[in-house]
$ cat protein14.txt   # compact mmCIF, C-alpha atoms
# COMPACT_ATOMS: atom_id res chain seq x y z
CA MET A 1 -6.21 -19.67 -55.45
CA GLY A 2 -3.40 -18.41 -53.30
CA MET A 3 0.29 -18.50 -54.14
CA ASN A 4 2.35 -21.15 -52.64
CA GLU A 5 5.40 -20.44 -50.64
CA ASP A 6 7.81 -20.92 -53.59
CA GLU A 7 5.98 -18.42 -55.74
CA VAL A 8 5.95 -15.90 -52.92
CA GLN A 9 9.65 -16.38 -52.41
CA LYS A 10 10.25 -15.98 -56.13
CA GLN A 11 8.37 -12.71 -56.25
CA LEU A 12 10.25 -11.49 -53.20
CA ASP A 13 13.54 -12.34 -54.86
CA GLN A 14 12.49 -10.44 -58.01
CA MET A 15 11.49 -7.43 -55.94
CA VAL A 16 14.79 -7.54 -54.07
CA LYS A 17 16.71 -7.76 -57.36
CA PHE A 18 14.69 -4.81 -58.74
CA ILE A 19 15.44 -2.80 -55.62
CA TYR A 20 19.15 -3.68 -55.86
CA ARG A 21 19.21 -2.77 -59.57
CA GLU A 22 17.46 0.52 -58.87
CA ALA A 23 19.94 1.16 -56.06
CA ASP A 24 22.91 0.35 -58.33
CA GLU A 25 21.57 2.64 -61.07
CA LYS A 26 20.98 5.40 -58.53
CA ALA A 27 24.44 4.87 -57.06
CA SER A 28 25.95 4.98 -60.56
CA GLU A 29 24.08 8.22 -61.29
CA ILE A 30 25.24 9.70 -57.99
CA GLN A 31 28.80 8.56 -58.63
CA ALA A 32 28.78 9.90 -62.20
CA LYS A 33 27.39 13.23 -61.03
CA ALA A 34 29.94 13.36 -58.23
CA GLN A 35 32.77 12.64 -60.71
CA GLU A 36 31.43 15.33 -63.05
CA GLU A 37 31.22 17.86 -60.22
CA ALA A 38 34.66 16.83 -59.00
CA SER A 39 36.06 17.21 -62.51
CA ILE A 40 34.47 20.68 -62.82
CA GLU A 41 35.78 21.71 -59.39
CA LYS A 42 39.20 20.31 -60.24
CA SER A 43 39.26 22.29 -63.52
CA ARG A 44 38.18 25.42 -61.63
CA ILE A 45 40.90 24.98 -59.03
CA VAL A 46 43.52 24.23 -61.69
CA MET A 47 42.45 27.32 -63.69
CA GLU A 48 42.59 29.50 -60.57
CA GLU A 49 46.04 28.19 -59.70
CA LYS A 50 47.20 28.73 -63.28
CA LEU A 51 45.96 32.33 -63.15
CA LYS A 52 47.69 32.83 -59.79
CA ILE A 53 50.93 31.40 -61.18
CA ALA A 54 50.62 33.53 -64.34
CA LYS A 55 50.01 36.70 -62.29
CA ASP A 56 52.86 35.85 -59.94
CA PHE A 57 55.14 35.21 -62.92
CA GLU A 58 54.06 38.50 -64.53
CA ARG A 59 54.72 40.35 -61.27
CA LYS A 60 58.15 38.77 -60.91
CA GLU A 61 58.90 39.46 -64.57
CA LYS A 62 57.99 43.14 -64.14
CA THR A 63 60.12 43.29 -60.99
CA ILE A 64 63.08 41.82 -62.88
CA GLU A 65 62.52 44.21 -65.81
CA THR A 66 62.41 47.15 -63.39
CA LYS A 67 65.63 46.01 -61.72
CA ILE A 68 67.29 45.62 -65.13
CA LYS A 69 66.16 49.10 -66.18
CA ILE A 70 67.41 50.61 -62.91
CA ALA A 71 70.74 48.79 -63.24
CA TYR A 72 71.07 49.92 -66.86
CA SER A 73 70.18 53.50 -65.94
CA ASN A 74 72.71 53.47 -63.07
CA GLU A 75 75.40 52.05 -65.32
CA LEU A 76 74.58 54.57 -68.05
CA ASN A 77 74.77 57.46 -65.58
CA HIS A 78 78.03 56.12 -64.16
CA SER A 79 79.47 55.78 -67.66
CA ARG A 80 78.25 59.27 -68.53
CA LEU A 81 79.82 60.76 -65.40
CA GLN A 82 83.07 58.95 -66.12
CA THR A 83 83.03 60.31 -69.67
CA LEU A 84 82.35 63.85 -68.49
CA LYS A 85 85.06 63.54 -65.85
CA ALA A 86 87.59 62.33 -68.43
CA ARG A 87 86.60 65.15 -70.80
CA ASP A 88 86.90 67.80 -68.08
CA GLU A 89 90.29 66.40 -67.10
CA GLY A 90 91.36 66.60 -70.73
CA ILE A 91 90.18 70.21 -71.01
CA GLN A 92 91.96 71.13 -67.77
CA LYS A 93 95.16 69.61 -69.16
CA ILE A 94 94.83 71.87 -72.20
CA LEU A 95 94.34 74.89 -69.93
CA SER A 96 97.35 73.84 -67.84
CA GLU A 97 99.46 73.47 -70.99
CA ALA A 98 98.34 76.92 -72.17
CA HIS A 99 99.43 78.38 -68.82
CA LYS A 100 102.84 76.77 -69.23
CA ARG A 101 103.23 78.28 -72.69
CA LEU A 102 102.41 81.75 -71.33
CA THR A 103 105.74 81.72 -69.51
CA SER A 104 107.57 81.86 -72.83
CA VAL A 105 105.80 85.10 -73.83
CA SER A 106 107.74 87.28 -71.40
CA LYS A 107 111.06 85.66 -72.38
CA ASP A 108 111.01 87.29 -75.82
CA ALA A 109 111.84 90.85 -74.66
CA PRO A 110 110.95 92.87 -77.82
CA THR A 111 107.67 91.01 -78.39
CA TYR A 112 106.75 91.16 -74.72
CA LYS A 113 107.46 94.91 -74.54
CA LYS A 114 105.15 95.55 -77.50
CA LEU A 115 102.49 93.36 -75.94
CA LEU A 116 102.70 95.25 -72.64
CA GLU A 117 102.21 98.55 -74.43
CA GLU A 118 99.14 97.20 -76.22
CA LEU A 119 97.72 95.87 -72.96
CA ILE A 120 98.28 99.22 -71.21
CA LEU A 121 96.64 101.13 -74.07
CA GLN A 122 93.70 98.75 -74.16
CA GLY A 123 93.22 99.15 -70.40
CA LEU A 124 93.31 102.95 -70.70
CA LEU A 125 90.68 102.88 -73.44
CA LYS A 126 88.45 100.72 -71.24
CA LEU A 127 88.82 102.87 -68.14
CA ARG A 128 88.73 106.33 -69.81
CA GLU A 129 89.86 107.88 -66.52
CA PRO A 130 92.08 111.00 -66.13
CA LYS A 131 94.42 109.34 -63.63
CA VAL A 132 95.48 105.71 -63.87
CA SER A 133 97.95 103.59 -61.95
CA ILE A 134 99.69 100.58 -63.50
CA VAL A 135 100.38 97.53 -61.35
CA CYS A 136 102.90 95.12 -62.83
CA ARG A 137 105.29 92.38 -61.78
CA LYS A 138 108.40 93.66 -60.02
CA GLN A 139 110.52 92.04 -62.72
CA ASP A 140 108.62 94.04 -65.40
CA LYS A 141 108.84 97.39 -63.62
CA SER A 142 111.61 98.93 -65.76
CA ILE A 143 109.93 97.84 -69.02
CA VAL A 144 106.54 99.22 -67.94
CA GLU A 145 108.09 102.51 -66.79
CA SER A 146 109.66 102.93 -70.21
CA LEU A 147 106.19 102.60 -71.79
CA VAL A 148 104.36 105.20 -69.69
CA SER A 149 104.92 108.22 -71.95
CA SER A 150 104.37 106.39 -75.24
CA SER A 151 101.20 104.73 -73.94
CA ALA A 152 99.82 108.07 -72.72
CA ALA A 153 100.65 109.66 -76.07
CA LYS A 154 98.89 106.88 -78.03
CA TYR A 155 95.89 107.17 -75.73
CA LYS A 156 95.67 110.92 -76.40
CA ALA A 157 96.04 110.35 -80.14
CA LYS A 158 93.07 107.94 -80.08
CA THR A 159 90.77 109.81 -77.68
CA GLY A 160 91.99 113.40 -77.61
CA GLU A 161 92.16 113.08 -73.83
CA THR A 162 95.16 113.28 -71.54
CA VAL A 163 95.86 110.79 -68.80
CA ASP A 164 98.06 111.02 -65.73
CA LEU A 165 99.72 107.62 -65.96
CA GLU A 166 102.10 106.21 -63.37
CA VAL A 167 103.54 102.86 -62.27
CA ASP A 168 102.60 101.74 -58.78
CA LYS A 169 105.81 101.40 -56.73
CA GLN A 170 104.21 99.81 -53.68
CA ILE A 171 101.95 97.10 -55.04
CA TYR A 172 103.13 94.45 -57.52
CA LEU A 173 101.60 91.49 -59.28
CA PRO A 174 102.82 88.04 -58.21
CA PRO A 175 106.14 86.99 -59.80
CA GLY A 176 106.52 84.67 -62.77
CA PRO A 177 106.35 80.87 -62.51
CA GLU A 178 110.15 80.72 -62.30
CA GLU A 179 109.81 81.88 -58.68
CA LEU A 180 109.33 78.41 -57.19
CA ASN A 181 108.81 79.65 -53.61
CA SER A 182 105.91 81.92 -54.49
CA GLU A 183 102.37 80.77 -53.58
CA GLU A 184 100.88 82.84 -56.39
CA ILE A 185 102.30 83.39 -59.85
CA CYS A 186 101.59 85.74 -62.73
CA SER A 187 102.65 85.00 -66.30
CA GLY A 188 102.89 88.68 -67.17
CA GLY A 189 100.79 91.64 -68.29
CA VAL A 190 99.44 94.52 -66.23
CA LEU A 191 96.58 95.59 -64.02
CA LEU A 192 95.27 99.16 -64.34
CA SER A 193 93.38 100.93 -61.55
CA SER A 194 91.87 104.33 -60.90
CA ASN A 195 89.95 106.15 -58.18
CA GLN A 196 92.17 104.64 -55.50
CA GLY A 197 91.59 101.11 -56.74
CA ARG A 198 87.81 101.38 -56.99
CA ILE A 199 87.92 100.81 -60.76
CA ILE A 200 90.15 98.02 -62.03
CA CYS A 201 90.97 96.59 -65.44
CA SER A 202 92.92 93.34 -65.23
CA ASN A 203 94.97 92.84 -68.36
CA THR A 204 97.33 90.18 -67.07
CA LEU A 205 98.16 87.32 -69.42
CA ASP A 206 96.50 84.89 -67.02
CA ALA A 207 93.27 86.94 -66.95
CA ARG A 208 93.26 87.18 -70.74
CA LEU A 209 93.84 83.46 -71.05
CA ALA A 210 90.96 82.73 -68.65
CA MET A 211 88.68 85.04 -70.63
CA ALA A 212 89.68 83.51 -73.97
CA PHE A 213 89.33 80.00 -72.56
CA GLU A 214 85.81 80.69 -71.28
CA GLN A 215 84.75 82.23 -74.60
CA GLN A 216 86.24 79.42 -76.68
CA LEU A 217 85.19 76.54 -74.39
CA PRO A 218 82.20 75.43 -76.55
CA LEU A 219 84.44 75.39 -79.63
CA ILE A 220 87.17 73.51 -77.73
CA ARG A 221 84.64 70.86 -76.64
CA THR A 222 83.29 70.47 -80.16
CA THR A 223 86.79 70.28 -81.65
CA LEU A 224 87.97 67.66 -79.17
CA PHE A 225 84.86 65.54 -78.65
CA GLY A 226 82.48 66.25 -81.53
CA LYS A 227 78.97 67.70 -81.46
CA SER A 228 77.21 64.66 -80.00
CA LEU A 229 79.37 64.52 -76.85
CA THR A 230 79.25 68.29 -76.52
CA ARG A 231 75.43 68.15 -76.52
CA MET A 232 75.56 65.41 -73.91
CA HIS A 233 77.38 67.83 -71.57
CA TYR A 234 74.34 70.12 -71.54
CA ASP A 235 71.56 67.50 -71.59

$ encode --input "protein14.txt" --output "structure tokens"
Amino acid sequence: MGMNEDEVQKQLDQMVKFIYREADEKASEIQAKAQEEASIEKSRIVMEEKLKIAKDFERKEKTIETKIKIAYSNELNHSRLQTLKARDEGIQKILSEAHKRLTSVSKDAPTYKKLLEELILQGLLKLREPKVSIVCRKQDKSIVESLVSSSAAKYKAKTGETVDLEVDKQIYLPPGPEELNSEEICSGGVLLSSNQGRIICSNTLDARLAMAFEQQLPLIRTTLFGKSLTRMHYD
């Protein structure tokens, strides 16, 4: 017996509902899968961006650290140079003060005369030449001339050798610092030469001071600035 029209319509409605339900379930599955994939993609993109930001931050941080280190190094070097400059200026002041005090040596006539004789004798012992000429300041000429014979005698007593010793009457050392118009000055002492000036022994007070200053410079630095700053000068 065939179905009537109502039954057919009912079955069609059920089939349509089934199809719609299947379509809804499929759409829900597709939507859920799409949301899951979107969530995964979103997490991947967020993670990549986080890594990019972290790397960019690390790069900027390293750049800032490098700039800070360079600035610190520059400031340290500048401070070090300033310290060394101040120390050198201090040492030069000491040398300048020592030069000033040399002027008083020649003012004490008896002491200065004895010193000149010792300087002449020391120069003769260094040269060990048979003929020696003494160059002195013009203002010391008479004192030096009075010491020629005694200096030669003391030289012979020490070495057993004779020396033809004379004072140069044409060439003189620069005058003392009291000569304000002189470009060069000499605090005192003598210069001995032989073989027509080919061999020279400078025993001026200024030359002796320079020699003593150079020899004692490490000790001067240590005394004034301590061992740590003295080491810094050579580092």

$ residues_around --input "protein14.txt" --residues "A:Val148" --least-positions-apart "6" --cutoff "10 Å" --atoms "all atoms listed in the file" --output "ChimeraX atom specification"
/A:117,120-121,134,164-167

$ atom_distance --input "protein14.txt" --atom1 "atom CA of A:Ala157" --atom2 "atom CA of A:Val132"
16.9 Å

$ closest_residue --input "protein14.txt" --among "A:Leu125, A:Ala27, A:Leu209, A:Leu173" --to "A:Gln139" --atoms "all atoms listed in the file"
A:Leu173

$ residues_around --input "protein14.txt" --residues "stretch 92-107 of chain A" --least-positions-apart "4" --cutoff "9 Å" --atoms "all atoms listed in the file" --output "PyMOL selection string"
chain A and resi 87-88+111-113+176-178+186-189+205-206+209-210+213

$ axis_aligned_box --input "protein14.txt" --around "stretch 12-30 of chain A" --padding-each-side "3 Å" --output "lines of an AutoDock Vina configuration file"
center_x = 18.1
center_y = -1.3
center_z = -57.2
size_x = 21.7
size_y = 28.0
size_z = 14.1

$ atom_distance --input "protein14.txt" --atom1 "atom CA of A:Ala212" --atom2 "atom CA of A:Arg80"
27.3 Å

$ atom_distance --input "protein14.txt" --atom1 "atom CA of A:Asp168" --atom2 "atom CA of A:Lys131"
12.2 Å

$ closest_residue --input "protein14.txt" --among "A:Lys33, A:Lys52, A:Lys141, A:Arg21" --to "A:Gln170" --atoms "all atoms listed in the file"
A:Lys141
